[in-house]
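Right, one structure below, let's go through it.
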Amino acid sequence: MSKMASMFRPKKLDLSGFVNTRLIRDHNKRNAVEQTEPERQALRYLIRNTSLPQRVRAQAQLQLSQMHAYTRPTQIKNRCVASGTARAVFRDFRINRFQFRMQALAGELPGVKKASW
Amino acid sequence: MFSNPTRSLLGAGRRLRVPLSARWQSTTPVQPSAPSPSPAQETKTTSPAESVPIPEANAAKSTSERMGALDNNARLPRSVQAVYLRPLRRKAEHGLPVCDLQLRSYSVENVEFFADFAIRAAYYLNLPVSGPVPLPRIVERWTVPRSNFVHKKSQENFERITLRRLIQIKDGNPQSVQAWLAFLRKHAFYGVGMKANVWEHESLDVGKAMDQSATEIQKTLEPHLAQFGQREDNSAGNNMFDVLDSDRFAERKSARA
Amino acid sequence: MSQPRILELVKTQCRIFSLNFNPQRLRLGNKILRQRLRGPALAAWYPKKDVSFRDLQNTYKPLGLTTFDEAEDDREEAIQIAKLRGKGRPKKKRTAAESKSAKKKK
């Protein structure tokens with residue numbers, strides 16, 4: 001089995017908005033996770049099930065560990081949709097803290113205002 | 001466009017015909033400055049038009065006169081008059097809650113206006129309504145450094161306040177509740193989100209009805225469930241290696257490689 | 001109630017509500033089957049591709065219709081002006097010898 005990351009890359013870019021190599025890579029990982037999630041969960045179930053024979057569980061473990069790294073959900077990192085930054089990204093807006101400030105001051109985020117209390 | 005009726009509704013003014021006539025006047029080209037529909041201003045704006053003998057003004061005077069006469073003689077339809085009054089309500093007979101509608105918005109005007117609209121719509125659909133109950137506001141706050149990490153001491157606060165209103169329908173016909181919800185969705189107001197919980201009540205012998213419908217449901221579900229669940233002989237469970245080695249797992253792997 | 005009777009009760013309960021009957025509390029890994037799939041939510045993080053002006057152009061060009069992309073026109077005009085001023089991009093070096101000579105000139 002080849003371990004090429006390119007097999008998760010779509011032929012044509014299916015993103016709009018800000019695009020960045022690292023952002024595309026993360027997007028590919030997300031797609032890979034989505035595709036292989038049932039398989040991974042099935043293997044995980046086999047591994048956790050103590051009523052199954054030890055050999056089956058060991059083999060499932062092996063298969064899970066041999067799956068491509070891109071199918072691992074822990075590889076996913078939330079990135080800013082507007083700038084591709086991976087730090088200080090607000091989950092509510094999917095935006096980096098700096099982009100958040102700029103957009104909030106420009107009034108592009110509905111309901112967000114400058115606060116003072 | 002919507003802000004004017006909103007304000008007049010919120011103000012709950014008892015003036016019935018004045019705002020309408022004022023709006024008509026504001027459309028005539030001679031008097032462009034007639035923004036607020038107050039009776040005092042109306043008299044002020046009409047009196048100079050009578051004294052000035054310019055033909056355009058004359059025309060304007062005649063229209064305003066005509067409108068005035070129409071104002072005095074004819075009355076608005078009752079349903080239109082009711083818009084200027086507090087919304088009418090049906091009385092709940094049993095007080096059994098049927099539907100909870102929650103409205104959410106970031107602006108007071110929008111949510112107030114739409115709550116009023118929903119209550120009026122419920123009246124015409126013969127639905128007893130309680131509310132709008134102002135639920136606690138949801139305040140979300142974020143603090144963001146204004147620039148780089150070095151300048152962490154200078155930060156900025158942002159907040160988003162979500163306002164909520166709860167409208168409860170009591171012992172209404174489920175079909176008319178659905179019609180009400182559909183009507184509100186059709187005339188959804190900008191910047192107002194809606195969330196509805198609907199409860200349906202059944203008679204005591206639900207079990208019988210469910211048993212009767214179960215066979216029909218099974219028939220419709222059969223094609224969907226044919227591929228679902230364990231085999232009866234449970235042949236797959238005994239040999240997990242076969243599944244791991246040669247089933248769809250391997251297929252997918254070969255397809256991907 | 002006696003112990004076996006209670007067990008029987010729990011067993012029927014599990015059968016009726018399709019739960020897993022597991023009195024020994026073995027680790028059957030059922031919690032993994034109960035988890036919902038997170039994939040669709042994860043994959044929807046970045047905005048999907050939408051229709052751009054170029055897509056419209058590509059669909060209308062074959063039909064013999066003309067389209068105007070002002071931004072593209074501006075860009076091409078700016079490139080033309082830069083070229084006239086001798087500020088255009090340098091020619092692509094195709095061979096190793098060409099790139100070497102360019103370095104030597106420097």
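FYI, nothing fancy with the structure tokens labels: chains A, B, ... in order, residues from 1 per chain, ligands from 1 as they appear.
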Extract, using only C-alpha atoms, all DNA, RNA and protein residues at most 7 Å from stretch 79-95 of chain A, discarding same-chain residues fewer than 2 positions from it, and format them as a PyMOL selection string. (chain A and resi 18+20+23+77+97+99-100) or (chain C and resi 46)
Could you list the residues in chain A lying within 10 Å of chain C, using only C-alpha atoms, and format the result as a short mmCIF file (atom, residue, chain, number, x, y, z; two decimals) with N, CA and C atoms, in the first residue's frame?
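Listing of selection-v5.cif after writing:
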```
data_model
loop_
_atom_site.label_atom_id
_atom_site.label_comp_id
_atom_site.auth_asym_id
_atom_site.auth_seq_id
_atom_site.Cartn_x
_atom_site.Cartn_y
_atom_site.Cartn_z
N LEU A 13 -9.40 21.78 -7.33
CA LEU A 13 -9.55 22.42 -6.03
C LEU A 13 -11.03 22.72 -5.77
N ASP A 14 -11.54 22.21 -4.65
CA ASP A 14 -12.97 22.43 -4.37
C ASP A 14 -13.16 23.40 -3.21
N LEU A 15 -12.29 24.39 -3.16
CA LEU A 15 -12.41 25.40 -2.11
C LEU A 15 -12.58 26.77 -2.74
N SER A 16 -13.21 27.65 -2.01
CA SER A 16 -13.26 29.05 -2.44
C SER A 16 -12.80 29.90 -1.27
N GLY A 17 -12.59 31.17 -1.54
CA GLY A 17 -12.09 32.04 -0.49
C GLY A 17 -10.57 31.95 -0.40
N PHE A 18 -10.06 32.23 0.78
CA PHE A 18 -8.60 32.21 0.96
C PHE A 18 -8.08 30.79 0.80
N VAL A 19 -6.99 30.67 0.05
CA VAL A 19 -6.41 29.34 -0.19
C VAL A 19 -4.91 29.41 0.02
N LEU A 23 -3.54 25.19 4.18
CA LEU A 23 -5.00 25.10 4.30
C LEU A 23 -5.55 23.97 3.43
N ILE A 24 -5.00 23.85 2.23
CA ILE A 24 -5.46 22.77 1.33
C ILE A 24 -5.11 21.42 1.93
N ASP A 26 -4.80 20.68 5.05
CA ASP A 26 -5.73 20.39 6.15
C ASP A 26 -7.10 19.97 5.60
N HIS A 27 -7.48 20.63 4.52
CA HIS A 27 -8.77 20.27 3.91
C HIS A 27 -8.74 18.83 3.40
N ASN A 28 -7.61 18.43 2.79
CA ASN A 28 -7.47 17.05 2.31
C ASN A 28 -7.56 16.06 3.47
N LYS A 29 -6.94 16.43 4.57
CA LYS A 29 -6.99 15.57 5.74
C LYS A 29 -8.43 15.42 6.22
N ARG A 30 -9.15 16.51 6.22
CA ARG A 30 -10.55 16.45 6.65
C ARG A 30 -11.36 15.52 5.76
N ASN A 31 -11.13 15.64 4.46
CA ASN A 31 -11.85 14.77 3.53
C ASN A 31 -11.49 13.31 3.76
N ALA A 32 -10.18 13.07 4.00
CA ALA A 32 -9.74 11.69 4.22
C ALA A 32 -10.39 11.12 5.47
N VAL A 33 -10.46 11.95 6.51
CA VAL A 33 -11.07 11.49 7.77
C VAL A 33 -12.54 11.16 7.54
N GLU A 34 -13.20 12.02 6.78
CA GLU A 34 -14.62 11.78 6.55
C GLU A 34 -14.85 10.48 5.79
N GLN A 35 -13.98 10.24 4.80
CA GLN A 35 -14.15 9.03 4.00
C GLN A 35 -13.90 7.76 4.80
N THR A 36 -12.88 7.78 5.65
CA THR A 36 -12.46 6.53 6.30
C THR A 36 -13.01 6.37 7.71
N GLU A 37 -13.87 7.29 8.13
CA GLU A 37 -14.30 7.24 9.53
C GLU A 37 -15.03 5.95 9.89
N PRO A 38 -15.98 5.45 9.08
CA PRO A 38 -16.64 4.19 9.45
C PRO A 38 -15.65 3.04 9.59
N GLN A 41 -13.72 3.44 12.79
CA GLN A 41 -14.55 3.15 13.97
C GLN A 41 -14.77 1.65 14.10
N ALA A 42 -14.93 0.96 12.97
CA ALA A 42 -15.11 -0.49 13.01
C ALA A 42 -13.88 -1.15 13.61
N LEU A 43 -12.71 -0.72 13.16
CA LEU A 43 -11.47 -1.28 13.69
C LEU A 43 -11.33 -0.97 15.18
N ARG A 44 -11.66 0.25 15.53
CA ARG A 44 -11.57 0.64 16.94
C ARG A 44 -12.49 -0.22 17.80
N TYR A 45 -13.66 -0.51 17.24
CA TYR A 45 -14.60 -1.36 17.99
C TYR A 45 -14.02 -2.75 18.19
N LEU A 46 -13.42 -3.30 17.14
CA LEU A 46 -12.82 -4.62 17.26
C LEU A 46 -11.72 -4.62 18.32
N ILE A 47 -10.95 -3.56 18.34
CA ILE A 47 -9.83 -3.49 19.28
C ILE A 47 -10.33 -3.43 20.72
N ARG A 48 -11.38 -2.65 20.93
CA ARG A 48 -11.87 -2.46 22.30
C ARG A 48 -12.68 -3.64 22.82
N ASN A 49 -13.20 -4.46 21.91
CA ASN A 49 -14.11 -5.52 22.33
C ASN A 49 -13.31 -6.68 22.91
N THR A 50 -13.37 -6.83 24.24
CA THR A 50 -12.56 -7.86 24.90
C THR A 50 -13.11 -9.26 24.71
N SER A 51 -14.33 -9.36 24.18
CA SER A 51 -14.91 -10.69 24.00
C SER A 51 -14.42 -11.35 22.72
N LEU A 52 -13.75 -10.59 21.87
CA LEU A 52 -13.22 -11.17 20.62
C LEU A 52 -11.88 -11.85 20.90
N PRO A 73 -8.02 11.56 12.83
CA PRO A 73 -8.68 12.84 13.13
C PRO A 73 -7.81 13.79 13.94
N ILE A 76 -6.06 16.84 12.24
CA ILE A 76 -6.81 18.03 11.78
C ILE A 76 -6.55 19.19 12.72
N LYS A 77 -6.36 20.34 12.12
CA LYS A 77 -6.13 21.56 12.89
C LYS A 77 -7.07 22.63 12.34
N ASN A 78 -7.76 23.28 13.23
CA ASN A 78 -8.66 24.34 12.78
C ASN A 78 -7.85 25.53 12.29
N ARG A 79 -8.11 25.92 11.05
CA ARG A 79 -7.36 27.04 10.48
C ARG A 79 -8.32 28.18 10.13
N CYS A 80 -7.76 29.38 10.12
CA CYS A 80 -8.58 30.55 9.82
C CYS A 80 -9.04 30.48 8.36
N VAL A 81 -10.33 30.68 8.16
CA VAL A 81 -10.90 30.59 6.82
C VAL A 81 -10.46 31.78 5.97
N ALA A 82 -10.19 32.90 6.62
CA ALA A 82 -9.88 34.12 5.87
C ALA A 82 -8.40 34.35 5.69
N ARG A 91 -13.74 29.34 17.14
CA ARG A 91 -14.56 28.30 16.53
C ARG A 91 -15.90 28.87 16.05
N ARG A 94 -14.76 30.76 12.85
CA ARG A 94 -13.75 30.09 12.03
C ARG A 94 -12.73 31.10 11.53
#
```
What is the atom CA of B:Trp142-atom CA of B:Asn157 distance in Å, reported with one decimal?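 Atom CA of B:Trp142 sits 5.8 Å away from atom CA of B:Asn157.
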Could you pull out the helix (DSSP H, G or I) residues of chain C from DSSP and send them as a ChimeraX atom specification? /C:3-16,30-34,39-43,53-63,70-84,96-105
Compile the contact shell of B:His94 as a PDB file with C-alpha atoms, in the first residue's frame: residues with an atom at most 12 Å away, counting only C-alpha atoms, same-chain residues fewer than 6 positions apart removed.
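Saved to selection_17.pdb:
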```pdb
ATOM      1  CA  PRO B 128     -54.513  31.314  21.846  1.00  0.00           C
ATOM      2  CA  ILE B 169     -49.316  28.604  21.704  1.00  0.00           C
ATOM      3  CA  LYS B 170     -51.863  27.042  24.004  1.00  0.00           C
ATOM      4  CA  ASP B 171     -54.330  24.307  23.082  1.00  0.00           C
ATOM      5  CA  GLY B 172     -54.450  25.066  19.385  1.00  0.00           C
TER       6      GLY B 172
END
```
Which residues of chain A come within 10 Å of chain B, and what is each one's closest atom pair and distance in Å (one decimal), counting only C-alpha atoms, sorted by chain and residue number, as CSV?
```
residue,atom,partner,partner_atom,distance
A:Met1,CA,B:Ala257,CA,5.9
A:Ser2,CA,B:Ala257,CA,5.9
A:Lys3,CA,B:Ala257,CA,8.3
A:Met4,CA,B:Ala257,CA,8.7
A:Met7,CA,B:Arg256,CA,7.0
A:Phe8,CA,B:Arg256,CA,8.8
A:Thr36,CA,B:Arg252,CA,9.4
A:Glu39,CA,B:Phe249,CA,7.4
A:Leu43,CA,B:Leu244,CA,8.8
A:Leu46,CA,B:Met240,CA,9.2
A:Leu52,CA,B:Met240,CA,8.9
A:Pro53,CA,B:Met240,CA,9.2
A:Arg55,CA,B:Phe241,CA,9.0
A:Val56,CA,B:Phe241,CA,6.5
A:Arg57,CA,B:Met240,CA,9.5
A:Gln59,CA,B:Leu244,CA,8.1
A:Ala60,CA,B:Leu244,CA,7.3
A:Gln63,CA,B:Leu244,CA,8.5
A:Met67,CA,B:Lys253,CA,9.3
A:Ala88,CA,B:Val144,CA,9.5
A:Phe90,CA,B:Trp142,CA,9.5
A:Arg97,CA,B:Val144,CA,6.3
A:Phe98,CA,B:Ser147,CA,7.6
A:Phe100,CA,B:Val144,CA,8.5
A:Arg101,CA,B:Val144,CA,7.1
A:Met102,CA,B:Arg146,CA,9.8
A:Ala104,CA,B:Phe158,CA,7.9
A:Leu105,CA,B:Phe158,CA,9.2
A:Leu109,CA,B:Arg160,CA,9.5
A:Pro110,CA,B:Tyr106,CA,7.7
A:Gly111,CA,B:Tyr106,CA,5.2
A:Val112,CA,B:Arg160,CA,4.6
A:Lys113,CA,B:Glu159,CA,5.5
A:Lys114,CA,B:Phe158,CA,4.4
A:Ala115,CA,B:Phe158,CA,4.8
A:Ser116,CA,B:Asn157,CA,7.0
A:Trp117,CA,B:Asn157,CA,9.5
```
Could you pull out the strand (DSSP E or B) residues of stretch 172-224 of chain B from DSSP and send them as a PDB file with N, CA and C atoms, in the first residue's frame?
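What landed in result.pdb:
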```pdb
ATOM      1  N   VAL B 192     -33.866  37.788  12.121  1.00  0.00           N
ATOM      2  CA  VAL B 192     -34.582  37.125  13.210  1.00  0.00           C
ATOM      3  C   VAL B 192     -34.579  35.623  12.944  1.00  0.00           C
ATOM      4  N   GLY B 193     -34.036  34.889  13.902  1.00  0.00           N
ATOM      5  CA  GLY B 193     -34.036  33.435  13.787  1.00  0.00           C
ATOM      6  C   GLY B 193     -35.201  32.846  14.554  1.00  0.00           C
ATOM      7  N   MET B 194     -35.674  31.702  14.105  1.00  0.00           N
ATOM      8  CA  MET B 194     -36.836  31.076  14.748  1.00  0.00           C
ATOM      9  C   MET B 194     -36.507  29.642  15.107  1.00  0.00           C
ATOM     10  N   LYS B 195     -37.058  29.212  16.222  1.00  0.00           N
ATOM     11  CA  LYS B 195     -36.880  27.827  16.645  1.00  0.00           C
ATOM     12  C   LYS B 195     -38.177  27.420  17.313  1.00  0.00           C
ATOM     13  N   ALA B 196     -38.763  26.326  16.874  1.00  0.00           N
ATOM     14  CA  ALA B 196     -40.075  25.946  17.410  1.00  0.00           C
ATOM     15  C   ALA B 196     -40.023  24.532  17.984  1.00  0.00           C
ATOM     16  N   ASN B 197     -40.612  24.392  19.147  1.00  0.00           N
ATOM     17  CA  ASN B 197     -40.859  23.062  19.709  1.00  0.00           C
ATOM     18  C   ASN B 197     -42.350  22.806  19.625  1.00  0.00           C
ATOM     19  N   VAL B 198     -42.713  21.726  18.990  1.00  0.00           N
ATOM     20  CA  VAL B 198     -44.146  21.429  18.835  1.00  0.00           C
ATOM     21  C   VAL B 198     -44.457  20.139  19.587  1.00  0.00           C
TER      22      VAL B 198
END
```
Could you give me, as number ranges by chain, the residues within 7 Å of B:Arg165, counting only C-alpha atoms and dropping anything in the same chain fewer than 3 positions from it? B: 102-104, 132-135
Work out how far atom CA of B:Val129 is from atom CA of B:Pro97, in Å to one decimal. 9.4 Å
One-decimal distance in Å that lies between atom CA of B:Ser130 and atom CA of B:Ile167: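 Answer for the atom CA of B:Ile167 to atom CA of B:Ser130 separation: 6.1 Å.
With only C-alpha atoms as the basis for measurement, B:Arg185 is the residue among B:Arg89, B:His224, B:His201, B:Arg185 that approaches B:Phe114 most closely.
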